[in-house]
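Asks: There's a structure below that I have some questions on.
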Amino acid sequence: MSVSTDPPVKRRDFLGLAALGSFLAAVAASVGGMLSLAFPRAFPEPSRRYKIGLAADFRVGEVRRPEGRNVFIFHRPEGFLAISAVCTHLGCIVNRTPRGFVCPCHGSVFDPNGGGVQGPAPSPLPWYEISVAPDGQLLVDEGRTVSPGTYFQV
Ligand code: FES
């Protein structure tokens, strides 16, 4: 049988070390929390106003879907229009067809102007405002809708 030569830890020393450890853990958690405020985890949404290029770069009859955007840009003889590609039922992205738009999720059908042809979508696809930015590029604003049939002319 061996006999320990270390002095036993006194109860008072043990409680003091436990209190110090708890205090340091609380300080570390507080500092970590404060530092995390400087680096928010939220990623900013892309702006709902964005440029799509110069009007002169669009041929009449051309349709574009800007990369990363859920909108179709049409250049028709009447002017430019931007139609949302987001189905008004539950938000799926519609596909463009020769006869308009079809939602792959539940089968809603829209005419070439985004008007509702077949449900369950409760409303037509909205048209967004188009304007010209100071640098001459066309500017789409998904935060502002216009009445269907409102073409933008340069
Ligand atoms: S989300 Fe388009 S029909 Fe349901």
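Labeling convention for the structure tokens: chains A, B, ... as they appear, residues from 1 per chain, ligands from 1 in order of appearance.
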Could you give me, as a ChimeraX atom specification, every polymer residue with an atom at most 6 Å away from an atom of ligand 1, counting only C-alpha atoms and all ligand atoms?
Replies: /A:87,89-92,103,105-108,120-121
Asks: Taking the backbone alone, and naming residues the way the document does, which bits of chain A are alpha helix (DSSP H) by DSSP, as a list of chain:residue names?
Replies: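 Residues meeting the alpha helix (DSSP H) criterion: A:Arg11, A:Arg12, A:Asp13, A:Phe14, A:Leu15, A:Gly16, A:Leu17, A:Ala18, A:Ala19, A:Leu20, A:Gly21, A:Ser22, A:Phe23, A:Leu24, A:Ala25, A:Ala26, A:Val27, A:Ala28, A:Ala29, A:Ser30, A:Val31, A:Gly32, A:Gly33, A:Met34, A:Leu35, A:Ser36, A:Leu37, A:Ala38.
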Asks: Report the distance between CA of Phe74 in chain A and CA of Pro124 in chain A in Å, rounded to one decimal place.
Replies: 16.7 Å
Asks: Sorted by chain and rising residue number, which residues of range 92-132 of chain A lie within 12 Å of range 137-147 of chain A, and what are their closest atom pairs and distances in Å to one decimal, counting only C-alpha atoms, as CSV?
Replies:
```
residue,atom,partner,partner_atom,distance
A:Asn113,CA,A:Ser147,CA,10.8
A:Gly114,CA,A:Ser147,CA,11.2
A:Gly115,CA,A:Ser147,CA,11.3
A:Pro124,CA,A:Ser147,CA,10.8
A:Leu125,CA,A:Thr145,CA,10.2
A:Pro126,CA,A:Thr145,CA,6.4
A:Trp127,CA,A:Thr145,CA,5.5
A:Tyr128,CA,A:Thr145,CA,4.3
A:Glu129,CA,A:Asp141,CA,5.4
A:Ile130,CA,A:Val140,CA,4.6
A:Ser131,CA,A:Leu139,CA,5.1
A:Val132,CA,A:Leu138,CA,4.6
```
Asks: List as a ChimeraX atom specification the protein and nucleic acid residues near Asn95 in chain A, meaning an atom at most 8 Å away when only C-alpha atoms are counted, but skip any in the same chain fewer than 6 places from it.
Replies: /A:85,101-104
Asks: Figure out the distance between CA of Arg49 in chain A and CA of Ala133 in chain A, please, to one decimal in Å.
Replies: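 Result for CA of Ala133 in chain A versus CA of Arg49 in chain A: 10.3 Å, one decimal.
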Asks: With only C-alpha atoms as the atoms that count, which of A:Phe72, A:Lys51, A:Glu62, A:Arg96 lies nearest to Asp135 in chain A?
Replies: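 Of the candidates, the smallest distance to Asp135 in chain A is held by A:Lys51.
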Asks: Taking into account only C-alpha atoms, which residue in the set A:Gly16, A:Pro122, A:Gly79, A:Pro66 is nearest to Gly53 in chain A?
Replies: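 Under the stated criterion, the closest residue is A:Pro66.
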Asks: Work out how far CA of Val60 in chain A is from CA of Val109 in chain A, in Å to one decimal.
Replies: 24.9 Å
